file data01.txt (compact mmCIF, C-alpha atoms)
# COMPACT_ATOMS: atom_id res chain seq x y z
CA MET A 25 -90.93 59.08 83.06
CA SER A 26 -88.64 57.48 80.51
CA THR A 27 -89.17 53.88 79.51
CA ASP A 28 -85.92 53.52 77.56
CA LYS A 29 -83.59 50.69 78.54
CA ASN A 30 -80.80 53.22 79.06
CA PRO A 31 -82.58 56.48 79.90
CA GLN A 32 -80.66 59.68 80.32
CA ILE A 33 -80.73 61.16 83.79
CA ILE A 34 -81.76 64.57 82.40
CA ASP A 35 -85.24 63.27 81.39
CA LEU A 36 -86.92 64.03 84.74
CA PRO A 37 -89.98 65.41 86.50
CA ASP A 38 -89.76 69.13 87.32
CA ASP A 39 -88.64 68.80 90.95
CA GLN A 40 -85.88 66.36 90.06
CA SER A 41 -84.80 68.51 87.12
CA LEU A 42 -84.38 71.44 89.48
CA ALA A 43 -82.23 69.36 91.80
CA MET A 44 -80.03 68.22 88.92
CA ALA A 45 -79.79 71.79 87.60
CA GLN A 46 -78.58 72.90 91.04
CA ILE A 47 -75.84 70.25 90.96
CA ALA A 48 -74.79 71.51 87.52
CA ASN A 49 -74.61 75.06 88.88
CA ASP A 50 -72.52 73.93 91.85
CA LEU A 51 -70.09 72.10 89.59
CA GLN A 52 -69.76 74.92 87.08
CA ARG A 53 -68.79 77.35 89.83
CA SER A 54 -65.68 75.31 90.52
CA THR A 55 -62.47 77.22 89.84
CA LEU A 56 -60.01 74.50 90.83
CA LYS A 57 -58.15 72.95 87.90
CA VAL A 58 -56.59 69.51 88.34
CA SER A 59 -53.95 67.82 86.20
CA LEU A 60 -54.72 64.49 84.55
CA ASP A 61 -52.49 62.59 86.97
CA ARG A 62 -54.70 63.82 89.85
CA ASN A 63 -58.07 63.48 88.09
CA PRO A 64 -59.99 61.21 90.52
CA ALA A 65 -62.39 59.80 87.92
CA LEU A 66 -59.53 58.88 85.57
CA ILE A 67 -57.52 57.32 88.40
CA TYR A 68 -60.56 55.34 89.52
CA LEU A 69 -61.28 54.02 86.02
CA ASN A 70 -57.66 53.07 85.42
CA GLY A 71 -57.73 50.98 88.59
CA LEU A 72 -60.59 48.80 87.35
CA ALA A 73 -60.46 45.62 85.30
CA PRO A 74 -61.32 46.21 81.61
CA SER A 75 -64.77 44.61 81.95
CA GLY A 76 -65.71 46.78 84.93
CA ARG A 77 -64.09 49.90 83.48
CA LYS A 78 -66.40 50.00 80.48
CA SER A 79 -69.54 49.94 82.62
CA ALA A 80 -68.21 52.49 85.13
CA GLN A 81 -67.10 54.86 82.36
CA SER A 82 -70.54 54.64 80.77
CA GLN A 83 -72.21 55.66 84.04
CA LEU A 84 -69.80 58.55 84.59
CA LYS A 85 -70.30 59.79 81.04
CA LYS A 86 -74.09 59.84 81.49
CA LEU A 87 -73.68 61.91 84.64
CA ALA A 88 -71.23 64.30 83.03
CA CYS A 89 -73.57 64.84 80.06
CA SER A 90 -76.46 65.45 82.45
CA PHE A 91 -74.49 68.29 84.02
CA GLY A 92 -73.48 69.90 80.73
CA TYR A 93 -70.08 68.28 80.23
CA ASP A 94 -70.83 66.68 76.87
CA LYS A 95 -67.64 67.38 74.91
CA PRO A 96 -65.16 64.59 74.09
CA SER A 97 -63.09 65.91 77.00
CA TRP A 98 -65.95 65.35 79.49
CA LEU A 99 -63.82 63.18 81.78
CA GLN A 100 -61.25 65.94 82.28
CA ASP A 101 -63.72 68.86 82.18
CA MET A 102 -66.08 67.79 84.96
CA PRO A 103 -64.87 68.70 88.48
CA TRP A 104 -65.56 65.31 90.08
CA TRP A 105 -63.93 66.45 93.33
CA GLU A 106 -66.76 68.93 93.89
CA LEU A 107 -69.41 66.21 94.29
CA ARG A 108 -70.82 66.08 97.82
CA SER A 109 -73.09 63.69 99.70
CA ARG A 110 -76.12 65.93 98.99
CA HIS A 111 -75.34 65.70 95.29
CA LEU A 112 -75.17 61.91 95.43
CA LYS A 113 -78.53 61.78 97.19
CA ALA A 114 -80.09 63.97 94.51
CA ILE A 115 -78.58 61.84 91.71
CA LEU A 116 -79.92 58.63 93.25
CA ALA A 117 -83.34 60.23 93.77
CA ALA A 118 -83.37 61.29 90.11
CA MET A 119 -82.55 57.76 89.01
CA SER A 120 -85.26 56.36 91.25
CA ALA A 121 -87.77 58.82 89.74
CA GLN A 122 -86.89 57.38 86.33
CA ASN A 123 -87.59 53.87 87.58
CA TYR A 124 -84.00 52.68 87.32
CA ALA A 125 -83.50 49.23 88.83
CA PRO A 126 -82.01 49.23 92.36
CA GLY A 127 -78.95 47.42 91.01
CA SER A 128 -78.30 50.21 88.49
CA ILE A 129 -78.74 52.89 91.16
CA ASN A 130 -76.35 51.11 93.50
CA LEU A 131 -73.82 50.70 90.69
CA VAL A 132 -73.75 54.49 90.21
CA LEU A 133 -73.41 54.96 93.98
CA SER A 134 -70.50 52.52 94.07
CA VAL A 135 -68.77 54.28 91.17
CA LEU A 136 -69.18 57.73 92.73
CA ARG A 137 -67.91 56.45 96.07
CA GLY A 138 -64.85 55.12 94.25
CA VAL A 139 -64.27 58.50 92.64
CA ALA A 140 -64.71 60.18 96.05
CA ARG A 141 -62.05 57.93 97.56
CA GLU A 142 -59.63 58.96 94.83
CA SER A 143 -60.55 62.62 95.43
CA PHE A 144 -59.67 62.16 99.10
CA ASP A 145 -56.41 60.35 98.32
CA ASN A 146 -55.39 63.26 96.07
CA HIS A 147 -56.22 65.88 98.74
CA LEU A 148 -59.25 67.14 96.84
CA LEU A 149 -61.91 66.07 99.36
CA SER A 150 -62.01 66.28 103.15
CA ILE A 151 -62.25 63.18 105.34
CA GLU A 152 -65.51 64.53 106.79
CA GLU A 153 -67.15 64.72 103.38
CA LEU A 154 -65.81 61.31 102.39
CA GLU A 155 -67.42 59.82 105.50
CA ARG A 156 -70.73 61.52 104.66
CA ILE A 157 -70.56 60.06 101.15
CA LYS A 158 -69.96 56.61 102.63
CA LEU A 159 -73.19 57.02 104.64
CA VAL A 160 -75.40 57.65 101.59
CA LYS A 161 -77.92 54.80 101.65
CA ARG A 162 -78.12 52.18 98.97
CA ALA A 163 -81.37 51.69 97.04
CA LYS A 164 -83.63 48.90 98.26
CA GLY A 165 -85.64 46.44 96.22
CA SER A 166 -84.90 44.05 93.37
CA ARG A 167 -85.81 43.19 89.79
CA LEU A 168 -86.20 39.89 88.02
CA LEU A 169 -82.84 38.61 86.88
CA PRO A 170 -81.99 39.19 83.19
CA GLY A 171 -81.21 36.46 80.71
CA ARG A 172 -82.28 32.84 80.65
CA TYR A 173 -81.23 29.21 80.80
CA LEU A 174 -80.76 27.50 77.42
CA PRO A 175 -82.26 24.00 77.30
CA ILE A 176 -79.91 21.38 75.88
CA ALA A 177 -82.09 20.98 72.78
CA GLU A 178 -81.59 24.66 71.93
CA PHE A 179 -77.84 24.49 72.43
CA LYS A 180 -77.64 21.37 70.28
CA ALA A 181 -79.41 23.26 67.50
CA ILE A 182 -76.97 26.16 67.85
CA ILE A 183 -73.85 23.98 67.89
CA ASN A 184 -75.17 21.86 65.00
CA SER A 185 -75.25 24.98 62.84
CA CYS A 186 -71.44 24.79 62.96
CA ASN A 187 -71.41 21.32 61.38
CA ASP A 188 -70.71 22.67 57.89
CA ARG A 189 -67.17 21.32 57.28
CA THR A 190 -65.74 24.84 57.01
CA LEU A 191 -63.01 26.68 58.86
CA TYR A 192 -65.65 29.03 60.26
CA GLY A 193 -67.70 26.10 61.50
CA SER A 194 -64.74 24.50 63.25
CA ARG A 195 -63.74 27.75 64.96
CA ASP A 196 -67.26 28.77 65.92
CA GLY A 197 -68.04 25.28 67.23
CA ALA A 198 -64.96 25.40 69.46
CA ILE A 199 -65.94 28.84 70.75
CA LEU A 200 -69.53 27.84 71.51
CA GLY A 201 -68.41 24.57 73.10
CA LEU A 202 -65.96 26.47 75.28
CA MET A 203 -68.57 28.99 76.40
CA TYR A 204 -71.09 26.24 77.18
CA GLY A 205 -68.54 23.93 78.84
CA THR A 206 -66.65 26.47 80.96
CA GLY A 207 -68.96 29.47 81.33
CA PHE A 208 -66.27 31.80 79.95
CA ARG A 209 -67.37 35.33 79.12
CA ARG A 210 -67.00 36.39 75.50
CA SER A 211 -64.35 38.95 76.52
CA THR A 212 -62.29 36.10 78.00
CA ILE A 213 -62.79 34.00 74.85
CA ALA A 214 -61.49 36.84 72.67
CA GLN A 215 -58.36 37.25 74.81
CA LEU A 216 -57.29 33.59 74.82
CA SER A 217 -53.97 32.71 73.24
CA MET A 218 -52.31 29.37 72.57
CA ASP A 219 -50.34 29.95 75.79
CA ASN A 220 -53.59 29.59 77.75
CA LEU A 221 -54.39 26.17 76.29
CA PHE A 222 -53.01 22.96 77.85
CA LEU A 223 -54.58 20.20 75.77
CA ASP A 224 -52.37 17.50 77.31
CA GLU A 225 -53.89 18.36 80.70
CA GLY A 226 -57.36 19.11 79.34
CA VAL A 227 -57.47 22.60 80.88
CA ILE A 228 -57.35 26.29 80.03
CA ARG A 229 -55.59 28.68 82.39
CA VAL A 230 -56.53 32.34 82.21
CA VAL A 231 -56.36 35.49 84.35
CA VAL A 232 -59.88 36.66 85.23
CA LYS A 233 -61.42 39.55 87.16
CA GLY A 234 -59.38 40.68 90.16
CA ASN A 235 -56.11 39.65 88.47
CA LYS A 236 -56.67 36.05 89.59
CA GLU A 237 -55.42 33.05 87.65
CA HIS A 238 -58.24 30.63 86.95
CA GLU A 239 -57.99 27.05 85.70
CA ALA A 240 -60.96 25.67 83.77
CA PRO A 241 -61.11 21.91 83.15
CA LEU A 242 -62.55 21.06 79.75
CA PRO A 243 -65.54 18.69 79.40
CA LYS A 244 -65.06 15.92 76.85
CA GLY A 245 -67.17 17.59 74.16
CA THR A 246 -65.44 20.94 74.62
CA PHE A 247 -62.03 19.27 74.52
CA GLN A 248 -62.87 17.52 71.25
CA ALA A 249 -64.20 20.72 69.64
CA ILE A 250 -61.06 22.67 70.58
CA ALA A 251 -58.77 19.84 69.47
CA SER A 252 -60.53 19.77 66.09
CA TRP A 253 -60.08 23.53 65.71
CA VAL A 254 -56.39 23.38 66.71
CA ALA A 255 -55.88 20.66 64.09
CA TYR A 256 -56.97 23.27 61.51
CA ARG A 257 -55.25 26.20 63.18
CA GLY A 258 -51.96 24.56 64.03
CA ASN A 259 -49.84 25.04 67.16
CA ARG A 260 -48.19 28.30 66.13
CA PRO A 261 -48.17 31.06 68.76
CA GLY A 262 -50.89 33.69 68.70
CA PRO A 263 -54.56 34.02 69.53
CA LEU A 264 -56.42 30.76 70.08
CA PHE A 265 -59.35 32.09 68.07
CA CYS A 266 -58.02 34.14 65.20
CA VAL A 267 -59.73 36.16 62.50
CA ILE A 268 -60.63 34.32 59.31
CA ARG A 269 -60.39 36.51 56.20
CA LYS A 270 -63.07 36.63 53.52
CA ASN A 271 -60.90 34.48 51.25
CA GLY A 272 -60.91 31.76 53.91
CA ASP A 273 -57.33 32.26 55.14
CA MET A 274 -56.56 32.47 58.85
CA ASP A 275 -54.84 35.58 60.20
CA LEU A 276 -52.89 34.29 63.20
CA SER A 277 -51.67 37.78 63.98
CA LYS A 278 -55.17 39.10 64.68
CA ALA A 279 -57.40 37.94 67.53
CA MET A 280 -61.16 38.04 67.45
CA THR A 281 -62.77 40.82 69.47
CA SER A 282 -65.48 40.49 72.10
CA GLN A 283 -67.87 42.09 69.61
CA SER A 284 -67.02 39.59 66.87
CA VAL A 285 -67.69 36.71 69.31
CA TYR A 286 -71.05 38.32 70.02
CA LYS A 287 -71.87 38.56 66.32
CA LEU A 288 -70.93 34.95 65.55
CA PHE A 289 -73.15 33.81 68.45
CA LEU A 290 -76.12 35.75 67.08
CA LYS A 291 -75.43 34.32 63.62
CA ARG A 292 -75.46 30.75 64.92
CA VAL A 293 -78.57 31.38 67.01
CA SER A 294 -80.34 32.72 63.92
CA LEU A 295 -79.28 29.74 61.80
CA ALA A 296 -80.57 27.41 64.52
CA GLY A 297 -83.91 29.20 64.76
CA VAL A 298 -83.48 29.72 68.51
CA PRO A 299 -85.32 32.77 69.94
CA HIS A 300 -83.81 35.61 72.01
CA ALA A 301 -80.53 34.23 73.33
CA SER A 302 -77.34 36.08 74.29
CA PRO A 303 -73.76 34.85 74.77
CA HIS A 304 -74.03 35.46 78.51
CA ASP A 305 -76.95 33.01 78.61
CA LEU A 306 -74.36 30.28 78.07
CA ARG A 307 -72.63 31.38 81.28
CA ARG A 308 -75.97 31.29 83.11
CA THR A 309 -76.65 27.85 81.65
CA PHE A 310 -73.22 26.54 82.67
CA ILE A 311 -73.60 27.70 86.27
CA THR A 312 -77.20 26.48 86.55
CA SER A 313 -76.26 23.09 85.09
CA MET A 314 -73.29 22.69 87.43
CA LEU A 315 -75.40 23.57 90.46
CA GLU A 316 -78.05 21.11 89.33
CA LEU A 317 -75.52 18.32 88.77
CA THR A 318 -73.39 18.84 91.90
CA GLY A 319 -75.44 20.87 94.39
CA ASP A 320 -72.09 22.27 95.56
CA LEU A 321 -72.13 26.08 95.58
CA ALA A 322 -68.47 26.43 96.62
CA LEU A 323 -67.34 24.14 93.79
CA VAL A 324 -69.44 25.94 91.18
CA GLN A 325 -68.24 29.31 92.49
CA SER A 326 -64.68 28.11 91.87
CA LEU A 327 -65.54 26.78 88.40
CA ALA A 328 -67.16 30.11 87.49
CA GLY A 329 -64.21 32.13 88.83
CA HIS A 330 -66.38 34.19 91.18
CA ALA A 331 -64.90 35.85 94.26
CA ASP A 332 -68.26 35.97 96.03
CA PRO A 333 -70.77 33.08 96.20
CA ARG A 334 -73.60 35.63 96.05
CA THR A 335 -72.54 36.40 92.50
CA THR A 336 -72.76 32.72 91.59
CA ILE A 337 -76.26 32.51 93.07
CA ARG A 338 -77.42 35.34 90.81
CA TYR A 339 -76.73 33.10 87.80
CA ASP A 340 -78.77 30.20 89.17
CA ARG A 341 -81.91 29.61 87.08
CA ARG A 342 -83.01 26.34 88.71
CA GLY A 343 -85.84 28.09 90.56
CA GLU A 344 -87.30 29.50 87.35
CA ARG A 345 -87.27 26.08 85.72
CA ALA A 346 -88.88 24.49 88.78
CA LYS A 347 -91.65 27.11 88.78
CA ARG A 348 -92.37 26.49 85.10
CA GLU A 349 -92.45 22.72 85.59
CA ALA A 350 -94.79 23.12 88.57
CA ILE A 351 -97.17 25.53 86.87
CA ASP A 352 -97.40 23.28 83.82
CA LEU A 353 -98.96 20.65 86.10
CA LEU A 354 -101.88 22.97 86.84
CA GLU A 355 -104.86 22.34 84.60
CA VAL A 356 -106.92 25.46 83.87
CA PRO A 357 -110.29 24.60 82.21
CA LEU A 358 -111.37 26.71 79.26
CA PRO A 359 -114.90 28.10 78.91
CA GLY A 360 -117.21 25.40 77.57
CA SER A 361 -114.84 22.54 78.36
CA LEU A 362 -116.27 19.41 80.01

call {"tool": "encode", "arguments": {"input": "data01.txt", "output": "structure tokens"}}
result
Amino acid sequence: MSTDKNPQIIDLPDDQSLAMAQIANDLQRSTLKVSLDRNPALIYLNGLAPSGRKSAQSQLKKLACSFGYDKPSWLQDMPWWELRSRHLKAILAAMSAQNYAPGSINLVLSVLRGVARESFDNHLLSIEELERIKLVKRAKGSRLLPGRYLPIAEFKAIINSCNDRTLYGSRDGAILGLMYGTGFRRSTIAQLSMDNLFLDEGVIRVVVKGNKEHEAPLPKGTFQAIASWVAYRGNRPGPLFCVIRKNGDMDLSKAMTSQSVYKLFLKRVSLAGVPHASPHDLRRTFITSMLELTGDLALVQSLAGHADPRTTIRYDRRGERAKREAIDLLEVPLPGSL
């Protein structure tokens, strides 16, 4: 059994390997060729938001490679329309045998169901088989939630690393303050332009998942950090957080990427001496803090831009903090203590 964080589905016990090999044989017998405009996997991916598309494409690529479609053209080469309910059951069983988390298994099931719907819409799959695919059972169980809540002392150390009187420090401080004060994802941060910022109203308006416009009010500290950065940057059109060249000049024609936001966060965490933190921990911290301060799930759901309150609940780390505070009250005597 693989213990890798992202194991490949082909690394399996013998019985599961046989089942996966049979799926590969079934797929490779397909003689039907489909044009790109009818490719159900491509249509499905194109219908997703960019953040969801990346994850779904990664899952589909792993599957394709497992079945021998490992060329750069894997998306077009694999006959997705040939997948049947029995194949989905075997794939999920293989993932379970590798100790994938139930959430990961159910993500793959959701993606394959989406591809099956597109196969049906393009007359590549019968309604009977689509209904059978819909009946494939989701995986049960759960895992501990990833990530953690950042105590205020740790965030202060991170944000204080930006207090260096440089252009980088001003920009990075505004980014970190915005992530902590609004819960924005780093992909959202990278996409912000001056058109999204309304300093006179103290808000940022942005389109989030599901093509929904979301308004985020800015806390006082976040507002001040962004105002300080804009004083450096100026009000010219372009990305709110632009690239800064090695010579110290701003390039207002080039926006930061999600990856560059990730790297600057890790840099600031390292400078602050804070252990194992990720940018998404700031989103978890924002949601946890808002729930702790207001106790209003519907309000925090709106602030986080979530369509489903169950998603908001998954970010709540109050229970973990309460358990730690409670367990710290328990005195465990050591051997030889009086």

call {"tool": "residues_around", "arguments": {"input": "data01.txt", "residues": "Ile176 of chain A", "least_positions_apart": "5", "cutoff": "12 Å", "atoms": "all atoms listed in the file", "output": "list in words"}}
result
Ala181, Ile182, Ile183, Asn184, Tyr204, Val298, Leu306, Thr309, Phe310 and Ser313 of chain A

call {"tool": "closest_atom_pairs", "arguments": {"input": "data01.txt", "of": "segment 141-193 of chain A", "to": "segment 270-281 of chain A", "cutoff": "10 Å", "atoms": "all atoms listed in the file", "output": "CSV"}}
result
residue,atom,partner,partner_atom,distance
A:Thr190,CA,A:Gly272,CA,9.0
A:Leu191,CA,A:Gly272,CA,7.4
A:Tyr192,CA,A:Gly272,CA,8.4

call {"tool": "residues_around", "arguments": {"input": "data01.txt", "residues": "segment 137-147 of chain A", "least_positions_apart": "6", "cutoff": "8 Å", "atoms": "all atoms listed in the file", "output": "list in words"}}
result
Arg62, Asn63, Pro64, Ala65, Ile67, Tyr68, Trp104, Trp105, Leu107, Leu154, Ile157 and Lys158 of chain A

call {"tool": "atom_distance", "arguments": {"input": "data01.txt", "atom1": "atom CA of Arg292 of chain A", "atom2": "atom CA of Gly197 of chain A"}}
result
9.5 Å

call {"tool": "closest_residue", "arguments": {"input": "data01.txt", "among": "A:Gln52, A:Ser252, A:Asn259, A:Thr335", "to": "Gly193 of chain A", "atoms": "all atoms listed in the file"}}
result
A:Ser252

call {"tool": "residues_near_point", "arguments": {"input": "data01.txt", "point": "(-62.6, 33.9, 87.5)", "cutoff": "12 Å", "atoms": "all atoms listed in the file", "output": "ChimeraX atom specification"}}
result
/A:206-209,212,228-240,324-333,335-336

call {"tool": "residues_around", "arguments": {"input": "data01.txt", "residues": "Pro126 of chain A", "least_positions_apart": "5", "cutoff": "9 Å", "atoms": "all atoms listed in the file", "output": "number ranges by chain"}}
result
A: 120, 131, 162-167

call {"tool": "residues_around", "arguments": {"input": "data01.txt", "residues": "Ala80 of chain A", "least_positions_apart": "4", "cutoff": "8 Å", "atoms": "all atoms listed in the file", "output": "PyMOL selection string"}}
result
chain A and resi 69+76+84+132+135
